[in-house]
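Coordinates as given in upload_29.pdb (PDB, C-alpha atoms):
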ATOM      1  CA  MET S  50      58.628  -2.120  22.900  1.00  0.00           C
ATOM      2  CA  THR S  51      61.907  -4.054  22.884  1.00  0.00           C
ATOM      3  CA  ILE S  52      65.055  -2.165  21.898  1.00  0.00           C
ATOM      4  CA  GLU S  53      67.920  -4.114  20.343  1.00  0.00           C
ATOM      5  CA  SER S  54      71.575  -3.032  20.163  1.00  0.00           C
ATOM      6  CA  GLU S  55      74.352  -4.463  18.035  1.00  0.00           C
ATOM      7  CA  ASN S  56      78.083  -3.822  18.471  1.00  0.00           C
ATOM      8  CA  ILE S  57      79.852  -3.306  15.158  1.00  0.00           C
ATOM      9  CA  ASP S  58      83.486  -2.742  14.181  1.00  0.00           C
ATOM     10  CA  LEU S  59      83.513   0.033  11.617  1.00  0.00           C
ATOM     11  CA  GLN S  60      86.430   0.042   9.164  1.00  0.00           C
ATOM     12  CA  VAL S  61      87.783   3.479   8.244  1.00  0.00           C
ATOM     13  CA  GLN S  62      90.990   3.897   6.228  1.00  0.00           C
ATOM     14  CA  GLY S  63      92.360   0.625   7.488  1.00  0.00           C
ATOM     15  CA  GLU S  64      91.477   1.309  11.127  1.00  0.00           C
ATOM     16  CA  SER S  65      88.729  -0.323  13.197  1.00  0.00           C
ATOM     17  CA  ILE S  66      86.482   1.820  15.390  1.00  0.00           C
ATOM     18  CA  ALA S  67      83.647   0.670  17.627  1.00  0.00           C
ATOM     19  CA  CYS S  68      80.057   1.639  17.048  1.00  0.00           C
ATOM     20  CA  THR S  69      76.681   0.491  18.328  1.00  0.00           C
ATOM     21  CA  LEU S  70      73.551   0.183  16.223  1.00  0.00           C
ATOM     22  CA  VAL S  71      70.353   0.671  18.227  1.00  0.00           C
ATOM     23  CA  SER S  72      67.029  -0.266  16.629  1.00  0.00           C
ATOM     24  CA  PRO S  73      63.475  -1.233  17.552  1.00  0.00           C
ATOM     25  CA  GLY S  74      63.255  -4.899  18.431  1.00  0.00           C
ATOM     26  CA  SER S  75      60.116  -5.209  16.346  1.00  0.00           C
ATOM     27  CA  ARG S  76      59.589  -4.581  12.683  1.00  0.00           C
ATOM     28  CA  MET S  77      57.166  -1.913  11.497  1.00  0.00           C
ATOM     29  CA  PRO S  78      53.957  -2.256   9.498  1.00  0.00           C
ATOM     30  CA  GLY S  79      54.272  -1.778   5.750  1.00  0.00           C
ATOM     31  CA  ILE S  80      51.876   0.395   3.754  1.00  0.00           C
ATOM     32  CA  LEU S  81      51.608  -0.041  -0.035  1.00  0.00           C
ATOM     33  CA  PHE S  82      49.815   2.570  -2.159  1.00  0.00           C
ATOM     34  CA  VAL S  83      48.306   1.687  -5.567  1.00  0.00           C
ATOM     35  CA  HIS S  84      47.232   4.571  -7.802  1.00  0.00           C
ATOM     36  CA  GLY S  85      44.357   4.537 -10.272  1.00  0.00           C
ATOM     37  CA  TRP S  86      44.303   4.339 -14.062  1.00  0.00           C
ATOM     38  CA  GLY S  87      45.745   7.526 -15.511  1.00  0.00           C
ATOM     39  CA  GLY S  88      47.231   8.522 -12.143  1.00  0.00           C
ATOM     40  CA  SER S  89      50.677   8.192 -10.627  1.00  0.00           C
ATOM     41  CA  GLN S  90      52.418   7.757  -7.317  1.00  0.00           C
ATOM     42  CA  GLN S  91      52.849  11.522  -6.923  1.00  0.00           C
ATOM     43  CA  ARG S  92      49.465  12.137  -5.307  1.00  0.00           C
ATOM     44  CA  ASP S  93      50.097   9.372  -2.778  1.00  0.00           C
ATOM     45  CA  LEU S  94      53.499  10.648  -1.685  1.00  0.00           C
ATOM     46  CA  ALA S  95      52.213  13.339   0.689  1.00  0.00           C
ATOM     47  CA  ARG S  96      49.916  10.822   2.385  1.00  0.00           C
ATOM     48  CA  ALA S  97      52.736   8.288   2.540  1.00  0.00           C
ATOM     49  CA  ARG S  98      55.026  10.786   4.263  1.00  0.00           C
ATOM     50  CA  GLN S  99      52.309  11.622   6.777  1.00  0.00           C
ATOM     51  CA  ILE S 100      51.526   7.981   7.541  1.00  0.00           C
ATOM     52  CA  THR S 101      55.223   7.170   7.906  1.00  0.00           C
ATOM     53  CA  GLY S 102      55.126   9.374  10.992  1.00  0.00           C
ATOM     54  CA  LEU S 103      52.818   6.823  12.615  1.00  0.00           C
ATOM     55  CA  GLY S 104      55.655   4.307  12.608  1.00  0.00           C
ATOM     56  CA  CYS S 105      55.218   2.640   9.227  1.00  0.00           C
ATOM     57  CA  VAL S 106      57.277   1.933   6.132  1.00  0.00           C
ATOM     58  CA  CYS S 107      55.356   3.302   3.144  1.00  0.00           C
ATOM     59  CA  MET S 108      55.857   2.551  -0.535  1.00  0.00           C
ATOM     60  CA  THR S 109      54.425   4.142  -3.677  1.00  0.00           C
ATOM     61  CA  PHE S 110      55.089   3.123  -7.281  1.00  0.00           C
ATOM     62  CA  ASP S 111      53.937   3.724 -10.864  1.00  0.00           C
ATOM     63  CA  LEU S 112      52.021   0.980 -12.650  1.00  0.00           C
ATOM     64  CA  ARG S 113      53.178   0.176 -16.173  1.00  0.00           C
ATOM     65  CA  GLY S 114      51.456   2.392 -18.712  1.00  0.00           C
ATOM     66  CA  HIS S 115      52.036   5.474 -16.542  1.00  0.00           C
ATOM     67  CA  GLU S 116      54.709   8.136 -16.093  1.00  0.00           C
ATOM     68  CA  LYS S 117      58.053   6.764 -17.394  1.00  0.00           C
ATOM     69  CA  THR S 118      56.310   3.830 -19.089  1.00  0.00           C
ATOM     70  CA  ALA S 119      53.414   5.868 -20.520  1.00  0.00           C
ATOM     71  CA  SER S 120      54.294   4.550 -23.985  1.00  0.00           C
ATOM     72  CA  GLN S 121      52.733   1.230 -22.881  1.00  0.00           C
ATOM     73  CA  ARG S 122      49.385   2.802 -22.029  1.00  0.00           C
ATOM     74  CA  LEU S 123      47.614   1.420 -25.121  1.00  0.00           C
ATOM     75  CA  THR S 124      48.957  -2.107 -24.703  1.00  0.00           C
ATOM     76  CA  VAL S 125      49.286  -2.840 -20.973  1.00  0.00           C
ATOM     77  CA  THR S 126      46.823  -5.401 -19.591  1.00  0.00           C
ATOM     78  CA  ARG S 127      45.254  -5.983 -16.216  1.00  0.00           C
ATOM     79  CA  GLU S 128      47.404  -9.083 -15.804  1.00  0.00           C
ATOM     80  CA  GLN S 129      50.574  -7.055 -16.338  1.00  0.00           C
ATOM     81  CA  ASN S 130      49.488  -4.424 -13.846  1.00  0.00           C
ATOM     82  CA  LEU S 131      48.666  -7.106 -11.292  1.00  0.00           C
ATOM     83  CA  ASP S 132      52.189  -8.449 -11.835  1.00  0.00           C
ATOM     84  CA  ASP S 133      53.480  -4.915 -11.125  1.00  0.00           C
ATOM     85  CA  LEU S 134      51.558  -4.873  -7.856  1.00  0.00           C
ATOM     86  CA  LEU S 135      52.796  -8.321  -6.841  1.00  0.00           C
ATOM     87  CA  ALA S 136      56.399  -7.242  -7.457  1.00  0.00           C
ATOM     88  CA  ALA S 137      55.897  -4.042  -5.450  1.00  0.00           C
ATOM     89  CA  TYR S 138      54.321  -5.994  -2.580  1.00  0.00           C
ATOM     90  CA  ASP S 139      57.205  -8.471  -2.508  1.00  0.00           C
ATOM     91  CA  LEU S 140      59.763  -5.665  -2.428  1.00  0.00           C
ATOM     92  CA  LEU S 141      58.000  -4.021   0.512  1.00  0.00           C
ATOM     93  CA  ALA S 142      57.378  -7.270   2.406  1.00  0.00           C
ATOM     94  CA  ASN S 143      61.047  -8.222   2.121  1.00  0.00           C
ATOM     95  CA  HIS S 144      62.319  -4.893   3.416  1.00  0.00           C
ATOM     96  CA  PRO S 145      64.300  -5.564   6.606  1.00  0.00           C
ATOM     97  CA  SER S 146      62.298  -2.986   8.578  1.00  0.00           C
ATOM     98  CA  VAL S 147      58.874  -4.343   7.593  1.00  0.00           C
ATOM     99  CA  ASP S 148      56.783  -6.882   9.467  1.00  0.00           C
ATOM    100  CA  PRO S 149      55.429  -9.071   6.629  1.00  0.00           C
ATOM    101  CA  ALA S 150      52.455 -10.029   8.800  1.00  0.00           C
ATOM    102  CA  ALA S 151      51.391  -6.381   9.137  1.00  0.00           C
ATOM    103  CA  ILE S 152      50.939  -4.977   5.651  1.00  0.00           C
ATOM    104  CA  ALA S 153      48.238  -2.552   4.528  1.00  0.00           C
ATOM    105  CA  VAL S 154      47.335  -1.921   0.893  1.00  0.00           C
ATOM    106  CA  ILE S 155      45.668   1.350  -0.090  1.00  0.00           C
ATOM    107  CA  GLY S 156      44.210   1.373  -3.589  1.00  0.00           C
ATOM    108  CA  SER S 157      42.310   4.019  -5.537  1.00  0.00           C
ATOM    109  CA  SER S 158      39.880   3.223  -8.376  1.00  0.00           C
ATOM    110  CA  TYR S 159      41.680   0.779 -10.718  1.00  0.00           C
ATOM    111  CA  GLY S 160      44.331   0.397  -8.040  1.00  0.00           C
ATOM    112  CA  GLY S 161      41.621  -0.629  -5.570  1.00  0.00           C
ATOM    113  CA  TYR S 162      40.410  -3.311  -7.979  1.00  0.00           C
ATOM    114  CA  LEU S 163      43.965  -4.646  -8.341  1.00  0.00           C
ATOM    115  CA  ALA S 164      44.429  -4.509  -4.559  1.00  0.00           C
ATOM    116  CA  THR S 165      41.503  -6.873  -3.997  1.00  0.00           C
ATOM    117  CA  LEU S 166      43.034  -9.357  -6.444  1.00  0.00           C
ATOM    118  CA  LEU S 167      46.334  -9.067  -4.598  1.00  0.00           C
ATOM    119  CA  THR S 168      44.707 -10.278  -1.370  1.00  0.00           C
ATOM    120  CA  ALA S 169      44.071 -13.659  -3.006  1.00  0.00           C
ATOM    121  CA  ARG S 170      47.807 -14.034  -3.704  1.00  0.00           C
ATOM    122  CA  ARG S 171      49.551 -12.328  -0.781  1.00  0.00           C
ATOM    123  CA  ALA S 172      48.986 -11.721   2.948  1.00  0.00           C
ATOM    124  CA  VAL S 173      47.264  -8.376   3.570  1.00  0.00           C
ATOM    125  CA  LYS S 174      46.148  -7.339   7.058  1.00  0.00           C
ATOM    126  CA  TRP S 175      44.484  -4.007   6.233  1.00  0.00           C
ATOM    127  CA  LEU S 176      42.794  -3.013   2.972  1.00  0.00           C
ATOM    128  CA  ALA S 177      41.718   0.554   2.140  1.00  0.00           C
ATOM    129  CA  LEU S 178      39.784   1.042  -1.093  1.00  0.00           C
ATOM    130  CA  ARG S 179      38.896   4.506  -2.380  1.00  0.00           C
ATOM    131  CA  VAL S 180      36.230   4.420  -5.111  1.00  0.00           C
ATOM    132  CA  PRO S 181      37.309   0.902  -6.187  1.00  0.00           C
ATOM    133  CA  ALA S 182      36.498   0.239  -9.827  1.00  0.00           C
ATOM    134  CA  LEU S 183      35.061  -3.042 -11.041  1.00  0.00           C
ATOM    135  CA  TYR S 184      35.741  -4.926 -14.276  1.00  0.00           C
ATOM    136  CA  TRP S 185      34.333  -8.112 -15.759  1.00  0.00           C
ATOM    137  CA  ASP S 186      36.519 -11.216 -15.643  1.00  0.00           C
ATOM    138  CA  ASP S 187      36.707 -11.876 -19.369  1.00  0.00           C
ATOM    139  CA  GLU S 188      39.083 -10.002 -21.701  1.00  0.00           C
ATOM    140  CA  TRP S 189      41.659 -10.266 -18.897  1.00  0.00           C
ATOM    141  CA  ASN S 190      44.583 -10.104 -21.317  1.00  0.00           C
ATOM    142  CA  MET S 191      43.091  -7.402 -23.526  1.00  0.00           C
ATOM    143  CA  PRO S 192      44.761  -3.986 -23.199  1.00  0.00           C
ATOM    144  CA  LYS S 193      43.084  -2.160 -20.323  1.00  0.00           C
ATOM    145  CA  GLN S 194      42.614   0.965 -22.458  1.00  0.00           C
ATOM    146  CA  SER S 195      40.602  -1.039 -25.018  1.00  0.00           C
ATOM    147  CA  LEU S 196      37.820  -2.136 -22.640  1.00  0.00           C
ATOM    148  CA  ASP S 197      34.446  -0.796 -23.770  1.00  0.00           C
ATOM    149  CA  ARG S 198      33.567   2.249 -21.651  1.00  0.00           C
ATOM    150  CA  GLN S 199      29.795   2.040 -22.082  1.00  0.00           C
ATOM    151  CA  ARG S 200      29.807  -1.646 -21.194  1.00  0.00           C
ATOM    152  CA  LEU S 201      31.841  -0.803 -18.087  1.00  0.00           C
ATOM    153  CA  ASN S 202      29.326   1.853 -17.067  1.00  0.00           C
ATOM    154  CA  ASP S 203      26.449  -0.605 -17.472  1.00  0.00           C
ATOM    155  CA  TYR S 204      28.351  -3.368 -15.657  1.00  0.00           C
ATOM    156  CA  ARG S 205      29.048  -1.177 -12.636  1.00  0.00           C
ATOM    157  CA  GLN S 206      25.379  -0.294 -12.270  1.00  0.00           C
ATOM    158  CA  ARG S 207      24.518  -3.947 -11.626  1.00  0.00           C
ATOM    159  CA  ALA S 208      24.288  -5.574  -8.214  1.00  0.00           C
ATOM    160  CA  LEU S 209      27.094  -8.114  -8.402  1.00  0.00           C
ATOM    161  CA  SER S 210      28.047 -10.931  -6.041  1.00  0.00           C
ATOM    162  CA  PRO S 211      31.303 -12.862  -5.406  1.00  0.00           C
ATOM    163  CA  SER S 212      30.085 -15.588  -7.771  1.00  0.00           C
ATOM    164  CA  ASP S 213      29.920 -13.009 -10.573  1.00  0.00           C
ATOM    165  CA  ASN S 214      33.364 -11.463 -10.287  1.00  0.00           C
ATOM    166  CA  ARG S 215      36.856 -12.599  -9.232  1.00  0.00           C
ATOM    167  CA  ALA S 216      37.633  -9.330  -7.417  1.00  0.00           C
ATOM    168  CA  LEU S 217      34.479  -9.675  -5.344  1.00  0.00           C
ATOM    169  CA  ALA S 218      35.325 -13.334  -4.747  1.00  0.00           C
ATOM    170  CA  ALA S 219      38.674 -12.217  -3.305  1.00  0.00           C
ATOM    171  CA  CYS S 220      36.809  -9.754  -1.080  1.00  0.00           C
ATOM    172  CA  ALA S 221      34.592 -12.550   0.205  1.00  0.00           C
ATOM    173  CA  GLU S 222      37.684 -14.454   1.365  1.00  0.00           C
ATOM    174  CA  PHE S 223      39.399 -11.459   2.950  1.00  0.00           C
ATOM    175  CA  SER S 224      39.467 -11.658   6.763  1.00  0.00           C
ATOM    176  CA  GLY S 225      41.310  -8.449   7.627  1.00  0.00           C
ATOM    177  CA  ASP S 226      40.104  -4.905   8.255  1.00  0.00           C
ATOM    178  CA  VAL S 227      38.574  -2.881   5.425  1.00  0.00           C
ATOM    179  CA  LEU S 228      38.044   0.810   4.706  1.00  0.00           C
ATOM    180  CA  LEU S 229      35.719   1.702   1.810  1.00  0.00           C
ATOM    181  CA  VAL S 230      35.687   5.343   0.715  1.00  0.00           C
ATOM    182  CA  GLU S 231      33.026   6.582  -1.687  1.00  0.00           C
ATOM    183  CA  SER S 232      32.780   9.892  -3.549  1.00  0.00           C
ATOM    184  CA  GLU S 233      29.280  11.368  -3.348  1.00  0.00           C
ATOM    185  CA  GLN S 234      29.329  12.780  -6.904  1.00  0.00           C
ATOM    186  CA  ASP S 235      31.239   9.974  -8.657  1.00  0.00           C
ATOM    187  CA  ASP S 236      30.553   9.672 -12.413  1.00  0.00           C
ATOM    188  CA  TYR S 237      32.829   6.653 -12.919  1.00  0.00           C
ATOM    189  CA  VAL S 238      32.305   4.353  -9.933  1.00  0.00           C
ATOM    190  CA  PRO S 239      28.639   4.564  -8.862  1.00  0.00           C
ATOM    191  CA  HIS S 240      27.120   3.814  -5.479  1.00  0.00           C
ATOM    192  CA  SER S 241      25.976   0.412  -6.767  1.00  0.00           C
ATOM    193  CA  THR S 242      29.606  -0.643  -7.246  1.00  0.00           C
ATOM    194  CA  LEU S 243      30.516   0.373  -3.710  1.00  0.00           C
ATOM    195  CA  MET S 244      27.571  -1.644  -2.429  1.00  0.00           C
ATOM    196  CA  SER S 245      28.694  -4.693  -4.417  1.00  0.00           C
ATOM    197  CA  TYR S 246      32.076  -4.416  -2.737  1.00  0.00           C
ATOM    198  CA  ARG S 247      30.567  -3.767   0.673  1.00  0.00           C
ATOM    199  CA  SER S 248      28.265  -6.782   0.429  1.00  0.00           C
ATOM    200  CA  ALA S 249      31.161  -9.003  -0.618  1.00  0.00           C
ATOM    201  CA  PHE S 250      33.234  -8.407   2.531  1.00  0.00           C
ATOM    202  CA  GLY S 251      31.279 -10.900   4.607  1.00  0.00           C
ATOM    203  CA  SER S 252      34.369 -12.396   6.267  1.00  0.00           C
ATOM    204  CA  ALA S 253      36.131  -9.119   7.091  1.00  0.00           C
ATOM    205  CA  HIS S 254      37.261  -8.536  10.668  1.00  0.00           C
ATOM    206  CA  SER S 255      35.864  -4.998  10.427  1.00  0.00           C
ATOM    207  CA  LEU S 256      34.362  -2.836   7.699  1.00  0.00           C
ATOM    208  CA  THR S 257      34.308   0.972   7.678  1.00  0.00           C
ATOM    209  CA  HIS S 258      32.398   2.796   4.936  1.00  0.00           C
ATOM    210  CA  ARG S 259      32.922   6.532   4.508  1.00  0.00           C
ATOM    211  CA  ILE S 260      31.552   9.021   1.944  1.00  0.00           C
ATOM    212  CA  VAL S 261      33.424  12.164   0.893  1.00  0.00           C
ATOM    213  CA  ASP S 262      30.580  14.679   0.630  1.00  0.00           C
ATOM    214  CA  GLY S 263      30.412  16.576  -2.662  1.00  0.00           C
ATOM    215  CA  ALA S 264      33.497  14.832  -4.056  1.00  0.00           C
ATOM    216  CA  ASP S 265      33.937  13.622  -7.613  1.00  0.00           C
ATOM    217  CA  HIS S 266      35.850  10.504  -8.641  1.00  0.00           C
ATOM    218  CA  ALA S 267      39.234  12.223  -8.833  1.00  0.00           C
ATOM    219  CA  LEU S 268      38.824  14.301  -5.639  1.00  0.00           C
ATOM    220  CA  SER S 269      39.380  17.383  -7.785  1.00  0.00           C
ATOM    221  CA  SER S 270      38.896  19.944  -5.029  1.00  0.00           C
ATOM    222  CA  GLU S 271      41.405  20.637  -2.276  1.00  0.00           C
ATOM    223  CA  GLN S 272      38.613  20.230   0.270  1.00  0.00           C
ATOM    224  CA  SER S 273      37.889  16.704  -0.982  1.00  0.00           C
ATOM    225  CA  GLN S 274      41.580  15.813  -0.916  1.00  0.00           C
ATOM    226  CA  LYS S 275      41.877  16.979   2.678  1.00  0.00           C
ATOM    227  CA  ALA S 276      38.707  15.133   3.710  1.00  0.00           C
ATOM    228  CA  TYR S 277      39.963  11.858   2.247  1.00  0.00           C
ATOM    229  CA  SER S 278      43.423  12.283   3.760  1.00  0.00           C
ATOM    230  CA  ALA S 279      41.852  12.831   7.180  1.00  0.00           C
ATOM    231  CA  MET S 280      39.669   9.717   6.830  1.00  0.00           C
ATOM    232  CA  LEU S 281      42.595   7.586   5.694  1.00  0.00           C
ATOM    233  CA  THR S 282      45.020   8.805   8.344  1.00  0.00           C
ATOM    234  CA  ALA S 283      42.469   8.337  11.125  1.00  0.00           C
ATOM    235  CA  TRP S 284      41.720   4.779   9.986  1.00  0.00           C
ATOM    236  CA  ILE S 285      45.379   3.817   9.579  1.00  0.00           C
ATOM    237  CA  SER S 286      46.121   5.317  12.993  1.00  0.00           C
ATOM    238  CA  GLU S 287      43.386   3.231  14.587  1.00  0.00           C
ATOM    239  CA  MET S 288      44.441   0.034  12.825  1.00  0.00           C
ATOM    240  CA  VAL S 289      48.223   0.295  13.138  1.00  0.00           C
ATOM    241  CA  ILE S 290      48.472   1.796  16.608  1.00  0.00           C
ATOM    242  CA  GLY S 291      45.780  -0.573  17.854  1.00  0.00           C
ATOM    243  CA  ALA S 292      47.729  -3.541  16.507  1.00  0.00           C
ATOM    244  CA  ARG S 293      50.941  -2.317  18.111  1.00  0.00           C
ATOM    245  CA  LEU S 294      49.283  -1.802  21.466  1.00  0.00           C
ATOM    246  CA  ASP S 295      47.990  -5.366  21.298  1.00  0.00           C
ATOM    247  CA  ARG S 296      51.503  -6.709  20.711  1.00  0.00           C
ATOM    248  CA  TYR S 297      53.468  -4.165  22.740  1.00  0.00           C
ATOM    249  CA  PRO S 298      51.409  -2.718  25.630  1.00  0.00           C
ATOM    250  CA  HIS S 299      54.106  -0.122  26.410  1.00  0.00           C
ATOM    251  CA  TYR S 300      54.348   1.155  22.813  1.00  0.00           C
ATOM    252  CA  ALA S 301      53.712   4.851  22.282  1.00  0.00           C
ATOM    253  CA  PRO S 302      53.929   6.706  18.944  1.00  0.00           C
ATOM    254  CA  TRP S 303      56.468   9.499  18.603  1.00  0.00           C
ATOM    255  CA  TYR S 304      53.821  12.227  18.887  1.00  0.00           C
ATOM    256  CA  ALA S 305      52.235  10.965  22.138  1.00  0.00           C
TER     257      ALA S 305
END

Show how you would write the structure in this file as structure tokens.
Amino acid sequence: MTIESENIDLQVQGESIACTLVSPGSRMPGILFVHGWGGSQQRDLARARQITGLGCVCMTFDLRGHEKTASQRLTVTREQNLDDLLAAYDLLANHPSVDPAAIAVIGSSYGGYLATLLTARRAVKWLALRVPALYWDDEWNMPKQSLDRQRLNDYRQRALSPSDNRALAACAEFSGDVLLVESEQDDYVPHSTLMSYRSAFGSAHSLTHRIVDGADHALSSEQSQKAYSAMLTAWISEMVIGARLDRYPHYAPWYA
């Protein structure tokens, strides 16, 4: 991996002293986490800190309608939350340490649904979806909280194709690497939804499907949390380190 150095004159109390800034010649992959409806960035932070150790710049954020903006929960729409995600992506992609051609998006539930829509608007190289939810295309500007729960349950039981749903249509166009993670005992996002997503990724470079045994939708148990973290870290390690070895044959992660 190329190392770059830059000589700088540092001004201190009217005096100039010499310093040298040494940095990697290449930018690092960026990893963007998108939490689910009713969640927050807090649960993603531990995973983000762990993945940062692989040589990545990670970013978490709170969608509108959550945490400090919880007062908007009854009025925020899917369009507004997609705008939140687009703004977060742009901030990460424009970070001086990030390679904009090497960005991964990791979305859970509602965040996974939004992440698929993001891929139709921005460049994403790696896409990890944990129990990605699915919503019909109509009522796009209706408050997310107002969507009919029973209709959602019935909708997610159906076998849907890219022609039926804009999120699945985005999946059909995605050509990067995909990780799908399913919870075995999920009461909100059934197996049929995961299979609709899986079938849609016909153009993906690679597709990995994993099931967290005994887990519910929220990964309520510590064992389920650890199992998912291990799956995610292993996949990101394979994707990111593999990509770096392709570009920089002499690259080695800090823990090698």

Nearby residues (only C-alpha atoms) at most 7 Å from Gly160 of chain S, same-chain spacing under 4 positions excluded, as an MDAnalysis selection string: chainID S and resid 83:85 156 164

So which one's closest to Ala97 of chain S, S:Phe250, S:Trp189, S:Phe82, S:Tyr159? Using only C-alpha atoms, please.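 Selected residue with least distance to Ala97 of chain S: S:Phe82.
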
9 Å contact set for segment 279-291 of chain S, all atoms listed in the file, chain neighbours under 6 positions out, as number ranges by chain: S: 78, 96, 99-100, 103-105, 151, 153, 175, 177, 226, 228, 230, 257, 259, 261, 300-302

Restricting the calculation to all atoms listed in the file: of S:Thr109, S:Ser75, S:Gln274, S:Thr118, which residue gets closest to Ala150 of chain S?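 Using all atoms listed in the file, the shortest distance to Ala150 of chain S belongs to S:Ser75.
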
The PyMOL selection byres ((chain S and resi 247) around 10) applied to the shown file, residues as a ChimeraX atom specification: /S:217,220-221,227-229,241-246,248-251,256-258

From the set S:Tyr162, S:Phe223, S:Tyr277, S:Tyr237, which residue has the shortest atom-to-atom contact distance to Glu128 of chain S, counting all atoms listed in the file? S:Tyr162

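Taking atom CA of His254 of chain S and atom CA of Gly225 of chain S as the two end points, the separation is 5.1 Å.
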
Which one of S:Val154, S:Ala216, S:Val61, S:Val125 sits closest to Pro192 of chain S if you count only C-alpha atoms?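 Counting only C-alpha atoms, the residue closest to Pro192 of chain S is S:Val125.
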
Distance criterion (all atoms listed in the file): nearest to Asn130 of chain S out of S:Leu94, S:Leu178, S:Ile155, S:Met191: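 Going through S:Leu94, S:Leu178, S:Ile155, S:Met191 one by one, the smallest distance to Asn130 of chain S is for S:Met191.
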
Please expand the PyMOL selection byres ((chain S and resi 206) around 8) into the concrete residues it hits in this file, giving the result as an NGL selection string. :S and (202-205 or 207-208 or 239 or 241-242)

I need the chosen residues saved as a short mmCIF file (atom, residue, chain, number, x, y, z; two decimals), in the coordinates of the input, with C-alpha atoms.
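New file out.cif:
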data_model
loop_
_atom_site.label_atom_id
_atom_site.label_comp_id
_atom_site.auth_asym_id
_atom_site.auth_seq_id
_atom_site.Cartn_x
_atom_site.Cartn_y
_atom_site.Cartn_z
CA ASN S 202 29.33 1.85 -17.07
CA ASP S 203 26.45 -0.60 -17.47
CA TYR S 204 28.35 -3.37 -15.66
CA ARG S 205 29.05 -1.18 -12.64
CA ARG S 207 24.52 -3.95 -11.63
CA ALA S 208 24.29 -5.57 -8.21
CA PRO S 239 28.64 4.56 -8.86
CA SER S 241 25.98 0.41 -6.77
CA THR S 242 29.61 -0.64 -7.25
#

Matched chain/residue IDs from the PyMOL selection byres ((chain S and resi 135) around 12), as JSON, numbers by chain: {"S": [81, 83, 110, 112, 128, 129, 130, 131, 132, 133, 134, 136, 137, 138, 139, 140, 141, 142, 154, 163, 164, 165, 166, 167, 168, 169, 170, 171, 172, 173]}

Written file, previous selection with C-alpha atoms, as a JSON list (two decimals), in the frame of the given file:
[["chain", "number", "residue", "atom", "x", "y", "z"],
["S", 81, "LEU", "CA", 51.61, -0.04, -0.04],
["S", 83, "VAL", "CA", 48.31, 1.69, -5.57],
["S", 110, "PHE", "CA", 55.09, 3.12, -7.28],
["S", 112, "LEU", "CA", 52.02, 0.98, -12.65],
["S", 128, "GLU", "CA", 47.40, -9.08, -15.80],
["S", 129, "GLN", "CA", 50.57, -7.06, -16.34],
["S", 130, "ASN", "CA", 49.49, -4.42, -13.85],
["S", 131, "LEU", "CA", 48.67, -7.11, -11.29],
["S", 132, "ASP", "CA", 52.19, -8.45, -11.84],
["S", 133, "ASP", "CA", 53.48, -4.92, -11.12],
["S", 134, "LEU", "CA", 51.56, -4.87, -7.86],
["S", 136, "ALA", "CA", 56.40, -7.24, -7.46],
["S", 137, "ALA", "CA", 55.90, -4.04, -5.45],
["S", 138, "TYR", "CA", 54.32, -5.99, -2.58],
["S", 139, "ASP", "CA", 57.20, -8.47, -2.51],
["S", 140, "LEU", "CA", 59.76, -5.66, -2.43],
["S", 141, "LEU", "CA", 58.00, -4.02, 0.51],
["S", 142, "ALA", "CA", 57.38, -7.27, 2.41],
["S", 154, "VAL", "CA", 47.34, -1.92, 0.89],
["S", 163, "LEU", "CA", 43.96, -4.65, -8.34],
["S", 164, "ALA", "CA", 44.43, -4.51, -4.56],
["S", 165, "THR", "CA", 41.50, -6.87, -4.00],
["S", 166, "LEU", "CA", 43.03, -9.36, -6.44],
["S", 167, "LEU", "CA", 46.33, -9.07, -4.60],
["S", 168, "THR", "CA", 44.71, -10.28, -1.37],
["S", 169, "ALA", "CA", 44.07, -13.66, -3.01],
["S", 170, "ARG", "CA", 47.81, -14.03, -3.70],
["S", 171, "ARG", "CA", 49.55, -12.33, -0.78],
["S", 172, "ALA", "CA", 48.99, -11.72, 2.95],
["S", 173, "VAL", "CA", 47.26, -8.38, 3.57]]

Under the rule that all atoms listed in the file are counted, which of S:Ser270, S:Ser255, S:Gln90, S:Ser278 is the nearest residue to Cys107 of chain S?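 When distances to Cys107 of chain S are compared using all atoms listed in the file, the smallest one comes from S:Gln90.
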
What does the structure give for the distance between atom CA of Asp265 of chain S and atom CA of Ser195 of chain S, in Å to one decimal? 23.7 Å

For the atom pair atom CA of Gly79 of chain S and atom CA of Thr101 of chain S, what is the interatomic distance in Å to one decimal place? 9.3 Å
